[in-house]
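Chemist: The structure file run-v7.csv (CSV, C-alpha atoms) is provided below.
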```csv
chain,number,residue,atom,x,y,z
A,7,MET,CA,133.0,99.6,96.1
A,8,VAL,CA,130.9,102.4,94.8
A,9,LYS,CA,129.6,105.4,96.8
A,10,THR,CA,125.8,105.6,96.5
A,11,VAL,CA,122.5,106.9,97.9
A,12,GLY,CA,119.3,104.9,97.9
A,13,VAL,CA,116.3,106.8,96.5
A,14,ARG,CA,112.6,105.8,96.6
A,15,PHE,CA,110.0,107.5,94.4
A,16,LYS,CA,106.9,106.0,95.9
A,17,LYS,CA,105.9,104.8,99.4
A,18,ALA,CA,107.0,101.1,99.6
A,19,GLY,CA,108.5,101.4,96.1
A,20,LYS,CA,111.7,99.9,94.9
A,21,ILE,CA,114.9,101.6,96.0
A,22,TYR,CA,117.2,102.8,93.2
A,23,TYR,CA,120.9,103.7,93.7
A,24,PHE,CA,122.3,107.0,92.5
A,25,ASP,CA,125.7,108.7,92.6
A,26,PRO,CA,125.7,111.5,95.3
A,27,ASP,CA,128.7,113.1,93.6
A,28,GLU,CA,130.0,115.8,96.0
A,29,LEU,CA,126.6,116.8,97.3
A,30,VAL,CA,125.9,116.8,101.1
A,31,ILE,CA,122.8,114.5,101.3
A,32,ASP,CA,121.2,113.3,104.5
A,33,LEU,CA,118.7,110.6,105.1
A,34,GLU,CA,115.1,111.6,104.3
A,35,ASP,CA,116.2,114.5,102.1
A,36,ASN,CA,114.2,115.0,98.9
A,37,VAL,CA,116.4,115.0,95.8
A,38,ILE,CA,116.1,115.6,92.1
A,39,VAL,CA,117.6,112.8,89.9
A,40,GLU,CA,117.6,111.9,86.3
A,41,THR,CA,116.0,108.5,85.4
A,42,ILE,CA,115.1,106.7,82.1
A,43,ARG,CA,111.7,108.4,82.5
A,44,GLY,CA,113.2,111.9,82.8
A,45,ILE,CA,113.8,114.2,85.8
A,46,GLU,CA,112.2,112.8,88.9
A,47,PHE,CA,111.6,113.8,92.5
A,48,GLY,CA,112.5,111.2,95.2
A,49,GLU,CA,113.3,110.7,98.9
A,50,VAL,CA,116.6,109.4,100.2
A,51,VAL,CA,115.9,106.2,102.2
A,52,LEU,CA,119.5,104.9,102.3
A,53,GLY,CA,122.1,107.5,103.2
A,54,ILE,CA,125.5,107.8,101.5
A,55,ARG,CA,127.3,104.5,101.7
A,56,GLU,CA,129.5,102.3,99.7
A,57,VAL,CA,128.1,99.1,98.1
A,58,ALA,CA,129.6,96.4,96.0
A,59,GLU,CA,129.7,96.9,92.3
A,60,GLU,CA,127.6,93.8,91.6
A,61,GLN,CA,124.7,95.4,93.6
A,62,ILE,CA,124.3,98.2,91.1
A,63,VAL,CA,123.6,98.8,87.5
A,64,ALA,CA,126.5,100.7,86.1
A,65,PRO,CA,126.9,103.5,85.2
A,66,LEU,CA,125.1,105.2,88.0
A,67,LYS,CA,123.3,108.5,87.3
A,68,LYS,CA,124.2,111.4,89.5
A,69,VAL,CA,121.9,113.2,91.9
A,70,LEU,CA,121.3,116.5,90.2
A,71,ARG,CA,120.5,118.5,93.4
A,72,VAL,CA,118.9,118.4,96.8
A,73,ALA,CA,115.3,119.5,96.3
A,74,THR,CA,114.6,123.1,96.8
A,75,GLU,CA,111.3,124.6,98.1
A,76,GLU,CA,110.4,125.4,94.5
A,77,ASP,CA,111.0,121.7,93.6
A,78,LYS,CA,108.7,120.6,96.4
A,79,LYS,CA,106.0,123.0,95.3
A,80,ILE,CA,106.2,121.6,91.7
A,81,TYR,CA,106.0,118.0,93.1
A,82,TRP,CA,102.8,118.8,95.2
A,83,ASP,CA,101.3,120.8,92.3
A,84,ASN,CA,101.7,117.6,90.2
A,85,LYS,CA,100.0,115.5,92.8
A,86,ASN,CA,97.0,117.9,92.7
A,87,LYS,CA,96.9,117.7,88.9
A,88,GLU,CA,96.9,113.9,89.1
A,89,ARG,CA,93.5,113.8,90.7
A,90,ASP,CA,92.1,115.9,87.9
A,91,ALA,CA,93.8,113.8,85.2
A,92,LEU,CA,92.4,110.6,86.7
A,93,ALA,CA,88.8,112.0,86.5
A,94,ILE,CA,89.3,113.0,82.9
A,95,CYS,CA,90.8,109.7,81.9
A,96,LEU,CA,87.9,107.8,83.6
A,97,GLN,CA,85.5,109.8,81.5
A,98,LYS,CA,87.5,109.1,78.3
A,99,VAL,CA,87.6,105.4,79.0
A,100,GLN,CA,83.8,105.3,79.3
A,101,GLN,CA,83.4,107.3,76.1
A,102,HIS,CA,85.6,104.8,74.2
A,103,ASN,CA,83.8,101.9,75.9
A,104,LEU,CA,87.0,100.2,76.9
A,105,ASP,CA,86.9,97.2,79.2
A,106,MET,CA,89.7,98.4,81.5
A,107,LYS,CA,90.0,99.5,85.2
A,108,LEU,CA,91.9,102.7,85.7
A,109,ILE,CA,94.0,102.4,88.9
A,110,ASP,CA,96.3,105.4,89.2
A,111,VAL,CA,98.0,108.3,87.3
A,112,GLU,CA,101.4,109.8,87.7
A,113,TYR,CA,103.0,113.0,86.3
A,114,THR,CA,106.8,112.9,85.8
A,115,PHE,CA,108.4,115.8,87.7
A,116,ASP,CA,109.3,117.7,84.6
A,117,ASN,CA,105.7,117.3,83.2
A,118,ASN,CA,107.2,115.6,80.2
A,119,LYS,CA,104.9,112.5,80.5
A,120,ILE,CA,101.7,111.4,82.2
A,121,ILE,CA,101.5,107.7,83.0
A,122,PHE,CA,98.1,106.0,83.5
A,123,TYR,CA,98.1,102.6,85.2
A,124,PHE,CA,95.2,100.2,84.6
A,125,THR,CA,94.2,96.5,84.9
A,126,ALA,CA,92.4,94.5,82.3
A,127,ASP,CA,91.6,90.8,81.7
A,128,GLY,CA,93.3,90.8,78.2
A,129,ARG,CA,94.9,93.1,75.7
A,130,ILE,CA,93.3,96.5,75.2
A,131,ASP,CA,93.4,98.6,72.0
A,132,PHE,CA,93.8,102.0,73.6
A,133,ARG,CA,95.4,103.9,70.7
A,134,GLU,CA,92.4,106.2,70.2
A,135,LEU,CA,92.3,106.8,73.9
A,136,VAL,CA,96.0,107.9,73.9
A,137,LYS,CA,95.3,110.3,71.0
A,138,ASP,CA,92.3,111.7,72.9
A,139,LEU,CA,94.3,112.2,76.1
A,140,ALA,CA,97.3,113.7,74.3
A,141,SER,CA,95.0,116.3,72.7
A,142,VAL,CA,93.7,117.2,76.2
A,143,PHE,CA,96.9,117.3,78.2
A,144,LYS,CA,99.3,118.4,75.4
A,145,THR,CA,102.1,116.1,76.5
A,146,ARG,CA,103.3,112.5,76.1
A,147,ILE,CA,100.8,109.9,77.3
A,148,GLU,CA,101.7,106.4,78.5
A,149,LEU,CA,99.1,103.7,79.4
A,150,ARG,CA,100.7,100.9,81.4
A,151,GLN,CA,98.9,97.7,82.2
A,152,ILE,CA,99.7,96.2,85.6
A,153,GLY,CA,98.8,93.0,87.5
A,154,VAL,CA,96.5,92.6,90.5
A,155,ARG,CA,99.4,92.6,92.9
A,156,ASP,CA,100.6,96.0,91.7
A,157,GLU,CA,97.0,97.2,91.9
A,158,ALA,CA,96.8,96.2,95.6
A,159,LYS,CA,100.2,97.9,96.2
A,160,MET,CA,99.0,101.2,94.7
A,161,ILE,CA,95.5,101.3,96.3
A,162,GLY,CA,96.4,99.8,99.7
A,163,GLY,CA,94.1,98.2,102.1
A,164,VAL,CA,93.9,95.9,105.2
A,165,GLY,CA,94.9,92.3,105.1
A,166,PRO,CA,93.3,89.3,106.8
A,167,CYS,CA,95.7,89.9,109.7
A,168,GLY,CA,94.0,93.3,110.4
A,169,ARG,CA,97.2,95.3,109.5
A,170,ALA,CA,97.9,97.5,106.4
A,171,LEU,CA,99.0,95.5,103.4
A,172,CYS,CA,102.7,94.6,103.4
A,173,CYS,CA,103.0,95.5,99.7
A,174,SER,CA,101.7,99.0,100.2
A,175,SER,CA,103.4,99.8,103.5
A,176,PHE,CA,107.0,98.4,103.3
A,177,LEU,CA,107.6,95.8,100.6
A,178,GLY,CA,109.7,97.2,97.8
A,179,ASP,CA,109.6,94.1,95.6
A,180,PHE,CA,107.3,91.2,95.3
A,181,ALA,CA,109.0,88.0,96.4
A,182,PRO,CA,108.0,84.8,94.5
A,183,VAL,CA,105.3,82.9,96.5
A,184,SER,CA,104.2,79.3,95.6
A,185,ILE,CA,101.6,76.7,96.6
A,186,LYS,CA,104.6,74.6,97.7
A,187,MET,CA,105.2,77.1,100.5
A,188,ALA,CA,101.6,76.7,101.7
A,189,LYS,CA,102.0,72.9,101.6
A,190,GLU,CA,105.3,72.9,103.6
A,191,GLN,CA,103.6,75.1,106.2
A,192,SER,CA,100.8,72.6,106.6
A,193,LEU,CA,98.2,75.2,105.7
A,194,SER,CA,94.7,74.4,104.4
A,195,LEU,CA,94.9,74.5,100.6
A,196,ASN,CA,91.8,76.6,100.4
A,197,PRO,CA,92.2,79.7,98.1
A,198,ALA,CA,90.0,81.7,100.5
A,199,LYS,CA,92.4,81.1,103.4
A,200,ILE,CA,95.8,81.4,101.7
A,201,SER,CA,95.2,84.4,99.3
A,202,GLY,CA,95.3,88.1,100.0
A,203,ILE,CA,92.8,90.8,98.9
A,204,CYS,CA,94.6,90.8,95.5
A,205,GLY,CA,93.4,87.3,94.9
A,206,ARG,CA,96.9,85.9,94.9
A,207,LEU,CA,98.9,84.0,97.4
A,208,MET,CA,99.6,86.0,100.6
A,209,CYS,CA,103.1,87.6,100.5
A,210,CYS,CA,103.6,86.6,104.2
A,211,LEU,CA,103.9,82.9,103.2
A,212,LYS,CA,107.5,83.9,102.3
A,213,TYR,CA,108.4,85.3,105.7
A,214,GLU,CA,108.4,82.0,107.6
A,215,GLN,CA,109.4,79.7,104.8
A,216,GLU,CA,113.0,79.4,105.8
A,217,ALA,CA,112.0,78.5,109.4
A,218,TYR,CA,109.6,75.8,108.1
A,219,GLU,CA,112.2,74.4,105.8
A,220,TYR,CA,114.5,74.0,108.7
A,221,ALA,CA,111.8,72.5,110.9
A,222,ARG,CA,110.8,70.0,108.2
A,223,SER,CA,114.4,68.8,108.1
A,224,ILE,CA,114.5,67.9,111.8
A,225,VAL,CA,110.9,67.1,112.8
A,226,PRO,CA,109.8,63.5,112.3
A,227,ARG,CA,107.0,63.1,109.8
A,228,ILE,CA,103.5,61.7,110.5
A,229,GLY,CA,103.6,57.9,110.5
A,230,SER,CA,107.3,57.7,111.5
A,231,ILE,CA,108.2,55.0,114.0
A,232,VAL,CA,110.2,56.5,116.9
A,233,ASP,CA,111.9,55.2,120.0
A,234,THR,CA,111.1,57.1,123.2
A,235,ALA,CA,111.9,56.7,126.9
A,236,GLU,CA,108.6,54.8,127.3
A,237,GLY,CA,109.2,52.6,124.2
A,238,LYS,CA,108.5,52.5,120.5
A,239,GLY,CA,105.6,54.4,119.0
A,240,GLU,CA,104.1,56.1,115.9
A,241,VAL,CA,104.1,59.8,115.3
A,242,VAL,CA,100.4,60.9,114.9
A,243,SER,CA,101.0,64.7,114.6
A,244,ASN,CA,103.8,67.2,114.8
A,245,ASN,CA,104.3,70.8,115.8
A,246,MET,CA,107.1,72.2,113.6
A,247,LEU,CA,107.3,75.5,115.4
A,248,LYS,CA,107.6,74.0,118.9
A,249,GLU,CA,109.7,71.2,117.5
A,250,GLN,CA,107.5,68.6,119.2
A,251,VAL,CA,105.8,65.4,118.1
A,252,ARG,CA,102.8,63.6,119.4
A,253,VAL,CA,103.4,59.8,119.7
A,254,MET,CA,101.0,56.9,120.1
A,255,LEU,CA,102.5,54.3,122.3
A,256,GLU,CA,101.4,50.7,122.8
A,257,LEU,CA,101.9,49.6,126.4
A,258,GLN,CA,102.8,45.9,126.4
A,259,GLU,CA,101.9,45.1,130.0
A,260,ASN,CA,98.1,46.0,129.7
A,261,ASN,CA,97.8,46.2,125.9
A,262,MET,CA,96.7,49.8,126.0
A,263,ARG,CA,97.5,52.7,123.7
A,264,VAL,CA,98.5,56.1,125.1
A,265,ILE,CA,99.4,59.4,123.3
A,266,LYS,CA,102.2,61.6,124.6
A,267,ASP,CA,104.0,64.7,123.5
A,268,TYR,CA,107.8,64.7,123.1
A,269,SER,CA,110.4,67.1,122.1
A,270,ILE,CA,112.2,66.0,119.0
A,271,LYS,CA,115.4,65.8,121.1
A,272,ASP,CA,113.8,63.0,123.1
A,273,VAL,CA,112.9,60.7,120.2
A,274,VAL,CA,114.9,58.6,117.8
A,275,VAL,CA,113.5,57.9,114.4
A,276,LEU,CA,113.6,54.2,113.5
A,277,LYS,CA,111.5,54.4,110.3
A,278,HIS,CA,110.4,57.5,108.4
A,279,GLY,CA,106.7,58.1,107.7
A,280,ARG,CA,104.8,59.9,105.0
A,281,ASP,CA,105.0,63.5,104.0
A,282,PHE,CA,103.5,66.2,106.1
A,283,ASP,CA,99.7,66.4,105.9
A,284,ASN,CA,98.1,69.1,103.8
A,285,PRO,CA,94.3,69.5,104.3
A,286,MET,CA,92.5,70.1,101.1
A,287,ASP,CA,88.9,70.6,100.3
A,288,GLU,CA,87.7,67.9,97.9
A,289,ASN,CA,85.7,70.5,96.0
A,290,ILE,CA,88.8,72.6,95.2
A,291,LYS,CA,90.6,71.9,92.0
A,292,ILE,CA,94.4,72.1,91.4
A,293,GLU,CA,93.7,74.7,88.6
A,294,ASP,CA,92.1,77.0,91.2
A,295,LEU,CA,95.3,76.9,93.2
A,296,LYS,CA,97.6,77.5,90.3
A,297,VAL,CA,95.8,80.8,89.5
A,298,LEU,CA,96.9,82.0,92.9
A,299,GLU,CA,100.6,81.9,91.8
A,300,LYS,CA,100.1,84.3,88.9
A,301,ASP,CA,101.3,87.9,89.0
```
Output the file's structure in the form of structure tokens.

Modeler:
Amino acid sequence: MVKTVGVRFKKAGKIYYFDPDELVIDLEDNVIVETIRGIEFGEVVLGIREVAEEQIVAPLKKVLRVATEEDKKIYWDNKNKERDALAICLQKVQQHNLDMKLIDVEYTFDNNKIIFYFTADGRIDFRELVKDLASVFKTRIELRQIGVRDEAKMIGGVGPCGRALCCSSFLGDFAPVSIKMAKEQSLSLNPAKISGICGRLMCCLKYEQEAYEYARSIVPRIGSIVDTAEGKGEVVSNNMLKEQVRVMLELQENNMRVIKDYSIKDVVVLKHGRDFDNPMDENIKIEDLKVLEKD
């Protein structure tokens, strides 16, 4: 086991572990640490604790100090400078006629580097832009191309549910999300209904996937022949969350068909049916769905 503290550098950003050494560090303290990018200012989101060695990347860098008032002033001064840097870079992008969308800018705490984040459809030759920016800011310049998911995380927004985007409010990492998850949750395979504002599959498809996988393993599929207290019947629909099935029964005495709902505990599967239904618009192509899985 290794003694660590968890530090986050951005809201809803990834948590990185550092060695607290002999410092007294409390939760929500601001700390100064050394990273591969240089000296950085972060917030302690996981207090001092011991974690298994396989959970960390050894060797851990030490926390240099708990942030002082002067450190906090430098941090907020950098934040103010970032707004000006963004405006200057936007102007330079237009001057160089580059087909790129500038998303965000970040100063490292020690002012040793300025990082500009952007999106673009393809590769961008920004070498002249970097030279131009370096002559203005007199420091190292890095232009980093990001995907549409990262763009949504940085900018923020409101999702189809009416709440703040998960990625910009609490998700530290993007979990893999696939079309298969939408199919297993019996969602309409319409890109407009299963994608977020980033244009990719909604992250929340991952949240209930485990519950749906369990439900699929115990709920009879549509078309299954089951035995009930009223006789044999065919499953015409199912509710995986309620663990119920709707069964069409044929009453022998009057040759009538009736439909009744049963708990899966009250039916016995005699013959398995087809896979769960996945409504899909005939005008939607598989290629359109595959795009939703890209980063």

Chemist: Under the rule that only C-alpha atoms are counted, which of A:Ala93, A:Ile270, A:Ala221, A:Leu211 is the nearest residue to Met246 of chain A?

Modeler: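 Of A:Ala93, A:Ile270, A:Ala221, A:Leu211, the one nearest Met246 of chain A, counting only C-alpha atoms, is A:Ala221.
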
Chemist: Taking all atoms of segment 8-21 of chain A that the file lists, what box with edges along x, y and z, padded by 6 Å per side, do you get, with centre and edge lengths in Å to one decimal, as JSON?

Modeler:
```
{"center_x": 118.4, "center_y": 103.7, "center_z": 97.0, "size_x": 37.0, "size_y": 19.6, "size_z": 17.2}
```

Chemist: Quote the spacing between atom CA of Asp77 of chain A and atom CA of Asn117 of chain A in Å to one decimal place.

Modeler: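 Atom CA of Asn117 of chain A lies 12.5 Å from atom CA of Asp77 of chain A.
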
Chemist: Calculate how many Å separate atom CA of Arg206 of chain A from atom CA of Asn245 of chain A, rounding to one decimal.

Modeler: 26.8 Å

Chemist: Taking all atoms listed in the file into account, produce a table as CSV in which each residue of segment 15-92 of chain A with an atom at most 12 Å from an atom of segment 170-181 of chain A appears once, together with its shortest atom pair and the distance in Å to one decimal, ordered by chain and rising number.

Modeler:
```
residue,atom,partner,partner_atom,distance
A:Phe15,CA,A:Gly178,CA,10.9
A:Lys16,CA,A:Gly178,CA,9.4
A:Lys17,CA,A:Ser175,CA,6.9
A:Ala18,CA,A:Phe176,CA,4.6
A:Gly19,CA,A:Gly178,CA,4.7
A:Lys20,CA,A:Gly178,CA,4.4
A:Ile21,CA,A:Gly178,CA,7.0
A:Tyr22,CA,A:Gly178,CA,10.4
A:Val51,CA,A:Gly178,CA,11.8
```

Chemist: With all atoms listed in the file as the counted atoms, please give the residues lying no more than 12 Å from Asp83 of chain A, apart from itself and same-chain residues fewer than 3 positions off, as a count of residues only.

Modeler: 16

Chemist: Rank nothing, just name the residue among A:Ile161, A:Leu276, A:Val8, A:Glu28 nearest to Gly239 of chain A, using all atoms listed in the file.

Modeler: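 For Gly239 of chain A, the nearest of the given residues is A:Leu276.
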